[in-house]
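Working notes for the structure below.
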Amino acid sequence: MQGTEDRARGYVEDLIDQDDDFDRWYVDVVKSSELADDSPVRGCKVIRPYGYGLWENMQAALDRRFKKTGVQNAYFPLLIPKSFMEKEAEHVEGFAPEVAWVTRGGRNELEEPLAIRPTSEAMICHMFGQWVQSYRDLPLLINQWCSVVRWENRPRAFLRTSEFLWQEGHTAHASADEAEARALQMLDIYRDFAETELAIPVIPGIKSESEKFAGAVRTYTIEAMMGGKRWALQSGTSHYLGENFAKAFEINFLDAAGERRFAQSTSWGLSQRTIGAIVMVHGDDSGLKLPPRVAPIQAVIVPIWRKEVERGPVEEWVSRVVGELDDVRTHVDWRDDKSPGWKFNEWELRGVPLRIEAGPRDVQNQQVVVVRRDTREKQTVGIGDLASTVMELLETIQQDMFTAAKSFLSENTASVTTLDELYERASSNAGFSLAGWCGDATCETKVKNDSRATIRCLPFEQPADKGACVVCGKPATAQAVFSRAY
RNA sequence: CGGGGAGUGGCGCAGCCCGGUUAGCGCGCCGCGUUCGGGACGCGGAGGUCGGAGGUUCAAAUCCUCUCUCCCCGACCA
């Protein structure tokens, strides 16, 4: 530790260092930055305004992308009849352990229990069945923003909570090719969203049979590497469901040739857990570091004044500064019971990308001091250049954060050819391991049991020579990303 | 769901083993004054019944039982 030096540079005092205890750091930073707080209900957290503001910006960026591809938003009931949940065999089995049930309504025991949705395939596919008669009714492209409940045994803020916010998209198509293409299209939207808006590089790929969604034919995923322990976080999934749900919920139609056929469906979801990814990918010992594009506050303005007589001119100057920054999400910290130094540290903890200091000196020189959160680099900027400089800086920070995260991902990813290497990397939290896999679940399970590392995905990008299975030595059908995961 | 740790003013903790004065400390909070360009200081002040319920006892933060919540490890899990 370099306590004294760090303090002089403005590090947050009461936050544990990432290297000392990453899990503790995560819990502390989520709480002290006011993203979220504990609630009295086991496994449920409160998302505070700062965290919710972040989510709203993420929502907006995703929603825009969905709508560009013709998807419309709708809303379906929270409660799903038990018999509906049971229509798709694999689906019930997969979700049974984590479904919460409503068995009473008012004073009466219900005849049929209602599931609190853990996901809405059952409800939405049923409705699709009502709406689809002809190939002319297809495709059906629907998304809903909502919360779902999964009875989690081991909660973690944002990453795994009993109730969580997400979006779930559901589509129905006339052909398998079109449905498959839609599933891939939505995964690519997630990839683009993560990389462009969140500055989080991801590995897109396909899940192994054992890791795929209950009821899906194929599950596609984007996997990101968290800081600290370098574990993986599944950050968005898209499923090609084939005819499985269409058969269970009778989504059928007459095609142009007059033949009755089942629809092909997809579903895809991204949840608030990506907020956890932002925290863990970008955060440092001083706290959060939010990507400018989704940061609730992009530039915080800290006015500085000593004597009351100085306050007037500073106030005027600050309103001029704010006026220049019309296109930037700003906040002015007028609190007069905190010293500037205290404020600097707090806004760093909360991850605001830019800090703008405006004091008597600046009024005098018609300038402000602009400081980057990511590099702590300071510069004085004249009022005339302020707007353009701030816009440029925000973009630069966004890019630099992405570049840094990308280097971290590649520096901590390595190809391995032996089980010893794989296990050594898993046990030492070395990051992702790329290794050949024969496709056999036995080999996958062995690695999981021995090392706790799982196959996160089979990346779309595959080398020409896939090598041999790291477990059994047979020819590999693909290179797989092995890692422990949150 | 199994194992471990923890719950004491808003936050962080001490006290608990070996029950016994008005339950302490630091930070924060409120008031006044001096301060303010990297976590300022002085003086004054408010605030807790010890997670909850039950029990033992003349007496419980402290001992016993049950229970709730949080954190970690595991099982389980898009």
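A note on labels: chains of the structure tokens are A, B, ... as shown, every chain counts residues from 1, and ligands are counted from 1 in their shown order.
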Quick one: residues within 12 Å of G37 of chain B, only C-alpha atoms (C1' of nucleotides) counted, chain neighbours fewer than 6 positions away excluded, as a JSON list (two decimals) with C-alpha atoms, in the first residue's frame?
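Dumped to result01.json:
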```json
[["chain", "number", "residue", "atom", "x", "y", "z"],
["A", 302, "VAL", "CA", -17.37, 22.28, -8.22],
["A", 303, "PRO", "CA", -17.52, 25.99, -7.45],
["A", 304, "ILE", "CA", -14.75, 27.27, -5.20],
["A", 305, "TRP", "CA", -14.90, 30.40, -3.13],
["A", 306, "ARG", "CA", -13.31, 31.62, 0.09],
["A", 339, "SER", "CA", -14.53, 21.48, 1.34],
["A", 340, "PRO", "CA", -13.56, 21.29, -2.33],
["A", 341, "GLY", "CA", -11.14, 18.45, -1.58],
["A", 344, "PHE", "CA", -13.37, 15.98, -5.40],
["A", 356, "ILE", "CA", -14.91, 21.16, -13.64],
["A", 357, "GLU", "CA", -13.49, 23.47, -11.00],
["A", 358, "ALA", "CA", -14.53, 27.09, -11.09],
["A", 359, "GLY", "CA", -13.05, 29.53, -8.57],
["A", 360, "PRO", "CA", -12.04, 33.18, -8.29],
["A", 361, "ARG", "CA", -8.86, 32.57, -10.31],
["A", 362, "ASP", "CA", -10.95, 31.15, -13.10],
["A", 368, "VAL", "CA", -12.14, 26.67, -15.74],
["A", 369, "VAL", "CA", -10.04, 23.73, -14.63]]
```
Contacts of segment 46-62 of chain B within 7 Å, only C-alpha atoms (C1' of nucleotides), excl. fewer than 2 positions in-chain, as a list in words
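Listed by chain and then number, they are G7, U8, G9, C16, G19, G20, C30 and C68 of chain B.
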Atoms kept (N, CA and C atoms (P, O5', C5', C4', C3', O3' and C1' of nucleotides)) for selection, written as a PDB file, in the first residue's frame:
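New file part29.pdb:
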```
ATOM      1  P     G B   7     -21.277  -8.440  15.450  1.00  0.00           P
ATOM      2  O5'   G B   7     -22.201  -7.665  14.409  1.00  0.00           O
ATOM      3  C5'   G B   7     -22.851  -6.497  14.792  1.00  0.00           C
ATOM      4  C4'   G B   7     -23.985  -6.251  13.829  1.00  0.00           C
ATOM      5  C3'   G B   7     -25.220  -5.749  14.562  1.00  0.00           C
ATOM      6  O3'   G B   7     -25.787  -4.657  13.877  1.00  0.00           O
ATOM      7  C1'   G B   7     -25.745  -7.681  13.276  1.00  0.00           C
ATOM      8  P     U B   8     -25.241  -3.227  14.182  1.00  0.00           P
ATOM      9  O5'   U B   8     -25.288  -3.199  15.773  1.00  0.00           O
ATOM     10  C5'   U B   8     -26.517  -3.070  16.451  1.00  0.00           C
ATOM     11  C4'   U B   8     -26.303  -2.452  17.796  1.00  0.00           C
ATOM     12  C3'   U B   8     -25.659  -1.072  17.772  1.00  0.00           C
ATOM     13  O3'   U B   8     -26.620  -0.054  17.542  1.00  0.00           O
ATOM     14  C1'   U B   8     -24.557  -2.412  19.351  1.00  0.00           C
ATOM     15  P     G B   9     -26.733   0.565  16.101  1.00  0.00           P
ATOM     16  O5'   G B   9     -26.920   2.101  16.447  1.00  0.00           O
ATOM     17  C5'   G B   9     -26.995   3.052  15.404  1.00  0.00           C
ATOM     18  C4'   G B   9     -27.720   4.240  15.967  1.00  0.00           C
ATOM     19  C3'   G B   9     -27.566   5.473  15.093  1.00  0.00           C
ATOM     20  O3'   G B   9     -28.868   5.981  14.788  1.00  0.00           O
ATOM     21  C1'   G B   9     -27.069   5.950  17.365  1.00  0.00           C
ATOM     22  P     C B  16     -15.824  -8.127  27.245  1.00  0.00           P
ATOM     23  O5'   C B  16     -17.214  -8.852  27.061  1.00  0.00           O
ATOM     24  C5'   C B  16     -18.217  -8.792  28.074  1.00  0.00           C
ATOM     25  C4'   C B  16     -19.397  -9.638  27.655  1.00  0.00           C
ATOM     26  C3'   C B  16     -19.073 -11.105  27.411  1.00  0.00           C
ATOM     27  O3'   C B  16     -20.033 -11.908  28.055  1.00  0.00           O
ATOM     28  C1'   C B  16     -20.014 -10.117  25.450  1.00  0.00           C
ATOM     29  P     G B  19     -20.524 -14.366  34.268  1.00  0.00           P
ATOM     30  O5'   G B  19     -21.468 -13.223  33.786  1.00  0.00           O
ATOM     31  C5'   G B  19     -21.222 -11.897  34.302  1.00  0.00           C
ATOM     32  C4'   G B  19     -21.970 -10.996  33.395  1.00  0.00           C
ATOM     33  C3'   G B  19     -22.373  -9.736  34.130  1.00  0.00           C
ATOM     34  O3'   G B  19     -22.393  -8.658  33.247  1.00  0.00           O
ATOM     35  C1'   G B  19     -24.289 -11.076  33.636  1.00  0.00           C
ATOM     36  P     G B  20     -21.606  -7.360  33.737  1.00  0.00           P
ATOM     37  O5'   G B  20     -22.554  -6.838  34.917  1.00  0.00           O
ATOM     38  C5'   G B  20     -23.837  -6.238  34.593  1.00  0.00           C
ATOM     39  C4'   G B  20     -24.245  -5.338  35.747  1.00  0.00           C
ATOM     40  C3'   G B  20     -23.028  -4.649  36.359  1.00  0.00           C
ATOM     41  O3'   G B  20     -23.027  -3.234  36.251  1.00  0.00           O
ATOM     42  C1'   G B  20     -24.298  -5.870  38.026  1.00  0.00           C
ATOM     43  P     C B  30     -26.082  18.831   9.120  1.00  0.00           P
ATOM     44  O5'   C B  30     -26.682  19.425  10.473  1.00  0.00           O
ATOM     45  C5'   C B  30     -28.071  19.346  10.738  1.00  0.00           C
ATOM     46  C4'   C B  30     -28.354  19.956  12.079  1.00  0.00           C
ATOM     47  C3'   C B  30     -27.727  21.327  12.317  1.00  0.00           C
ATOM     48  O3'   C B  30     -28.491  22.367  11.739  1.00  0.00           O
ATOM     49  C1'   C B  30     -27.318  19.957  14.183  1.00  0.00           C
ATOM     50  P     C B  68     -36.110 -17.510   9.500  1.00  0.00           P
ATOM     51  O5'   C B  68     -35.861 -15.935   9.393  1.00  0.00           O
ATOM     52  C5'   C B  68     -36.943 -15.039   9.192  1.00  0.00           C
ATOM     53  C4'   C B  68     -36.440 -13.621   9.255  1.00  0.00           C
ATOM     54  C3'   C B  68     -35.274 -13.304   8.328  1.00  0.00           C
ATOM     55  O3'   C B  68     -35.714 -13.011   7.021  1.00  0.00           O
ATOM     56  C1'   C B  68     -34.807 -12.470  10.477  1.00  0.00           C
TER      57        C B  68
END
```
Write down, as a ChimeraX atom specification, each residue of chain B that has any atom within 12 Å of an atom of chain A, counting only C-alpha atoms (C1' of nucleotides).
/B:1-2,11-12,27,29,34-40,51,68-78
Give me the residues within 7 Å of Thr477 of chain A as a PyMOL selection string, counting only C-alpha atoms (C1' of nucleotides) and dropping any in the same chain fewer than 2 places off.
chain A and resi 437-439+466+475
Save out the residues we just selected, C-alpha atoms, as an mmCIF file, in the first residue's frame.
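Wrote it out as selection.cif, contents follow:
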```cif
data_model
loop_
_atom_site.group_PDB
_atom_site.id
_atom_site.type_symbol
_atom_site.label_atom_id
_atom_site.label_comp_id
_atom_site.auth_asym_id
_atom_site.auth_seq_id
_atom_site.Cartn_x
_atom_site.Cartn_y
_atom_site.Cartn_z
ATOM 1 C CA TRP A 437 -13.135 -29.128 -26.480
ATOM 2 C CA CYS A 438 -14.479 -32.280 -28.071
ATOM 3 C CA GLY A 439 -18.101 -31.321 -27.440
ATOM 4 C CA LYS A 466 -9.009 -26.171 -33.140
ATOM 5 C CA PRO A 475 -10.035 -33.803 -31.871
#
```
List every residue of segment 335-390 of chain A that DSSP, applied to the backbone of this structure, places in helix (DSSP H, G or I), and write the result as a CSV table (one decimal) with N, CA and C atoms, in the first residue's frame.
```
chain,number,residue,atom,x,y,z
A,340,PRO,N,-13.7,21.7,-1.0
A,340,PRO,CA,-13.6,21.3,-2.3
A,340,PRO,C,-12.9,19.9,-2.4
A,341,GLY,N,-11.9,19.7,-1.6
A,341,GLY,CA,-11.1,18.4,-1.6
A,341,GLY,C,-12.1,17.3,-1.3
A,342,TRP,N,-13.0,17.5,-0.3
A,342,TRP,CA,-13.9,16.5,0.0
A,342,TRP,C,-14.8,16.1,-1.2
A,343,LYS,N,-15.3,17.2,-1.8
A,343,LYS,CA,-16.1,17.0,-3.0
A,343,LYS,C,-15.4,16.3,-4.1
A,344,PHE,N,-14.2,16.6,-4.3
A,344,PHE,CA,-13.4,16.0,-5.4
A,344,PHE,C,-13.4,14.5,-5.2
A,345,ASN,N,-13.1,14.1,-3.9
A,345,ASN,CA,-13.0,12.7,-3.6
A,345,ASN,C,-14.4,12.0,-3.8
A,346,GLU,N,-15.4,12.7,-3.3
A,346,GLU,CA,-16.7,12.0,-3.4
A,346,GLU,C,-17.1,11.8,-4.9
A,347,TRP,N,-16.9,12.8,-5.7
A,347,TRP,CA,-17.3,12.7,-7.1
A,347,TRP,C,-16.4,11.6,-7.9
A,348,GLU,N,-15.2,11.5,-7.4
A,348,GLU,CA,-14.4,10.4,-8.0
A,348,GLU,C,-14.9,9.1,-7.5
A,349,LEU,N,-15.3,8.9,-6.3
A,349,LEU,CA,-15.9,7.7,-5.8
A,349,LEU,C,-17.2,7.4,-6.6
A,360,PRO,N,-12.4,31.8,-8.0
A,360,PRO,CA,-12.0,33.2,-8.3
A,360,PRO,C,-11.0,33.3,-9.4
A,361,ARG,N,-9.9,32.5,-9.3
A,361,ARG,CA,-8.9,32.6,-10.3
A,361,ARG,C,-9.4,32.4,-11.7
A,362,ASP,N,-10.4,31.5,-11.8
A,362,ASP,CA,-10.9,31.1,-13.1
A,362,ASP,C,-11.8,32.3,-13.6
A,363,VAL,N,-12.6,32.9,-12.7
A,363,VAL,CA,-13.4,34.0,-13.0
A,363,VAL,C,-12.5,35.1,-13.6
A,364,GLN,N,-11.4,35.3,-12.9
A,364,GLN,CA,-10.4,36.3,-13.3
A,364,GLN,C,-9.9,36.1,-14.8
A,365,ASN,N,-9.6,34.8,-15.0
A,365,ASN,CA,-9.0,34.5,-16.3
A,365,ASN,C,-10.0,33.9,-17.4
A,383,ILE,N,-13.2,29.7,-21.7
A,383,ILE,CA,-14.7,29.6,-21.8
A,383,ILE,C,-15.1,29.4,-23.3
A,384,GLY,N,-14.3,30.0,-24.2
A,384,GLY,CA,-14.7,29.9,-25.6
A,384,GLY,C,-14.5,28.5,-26.1
A,385,ASP,N,-13.6,27.7,-25.6
A,385,ASP,CA,-13.3,26.3,-26.0
A,385,ASP,C,-14.0,25.3,-25.2
A,386,LEU,N,-14.7,25.7,-24.2
A,386,LEU,CA,-15.2,24.8,-23.2
A,386,LEU,C,-16.1,23.7,-23.7
A,387,ALA,N,-17.1,24.1,-24.4
A,387,ALA,CA,-18.1,23.1,-24.9
A,387,ALA,C,-17.4,22.1,-25.8
A,388,SER,N,-16.6,22.5,-26.8
A,388,SER,CA,-16.0,21.6,-27.7
A,388,SER,C,-15.0,20.7,-26.9
A,389,THR,N,-14.2,21.3,-26.0
A,389,THR,CA,-13.2,20.5,-25.3
A,389,THR,C,-13.9,19.4,-24.4
A,390,VAL,N,-15.0,19.8,-23.8
A,390,VAL,CA,-15.7,18.8,-22.9
A,390,VAL,C,-16.3,17.7,-23.8
```
Just give me the gap between atom CA of Ala74 of chain A and atom CA of Ala172 of chain A in Å, one decimal is fine.
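Spanning atom CA of Ala74 of chain A to atom CA of Ala172 of chain A is a straight-line distance of 14.8 Å.
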In Å to one decimal, how far is atom CA of Arg182 of chain A from atom CA of Glu195 of chain A?
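Atom CA of Glu195 of chain A sits 19.9 Å away from atom CA of Arg182 of chain A.
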Neighbour list for Asn252 of chain A as a count of residues only, cut-off 12 Å, only C-alpha atoms (C1' of nucleotides), skip fewer than 6 positions in-chain:
29
Could you check how far atom CA of Ser407 of chain A sits from atom CA of Ala224 of chain A, in Å to one decimal?
12.6 Å
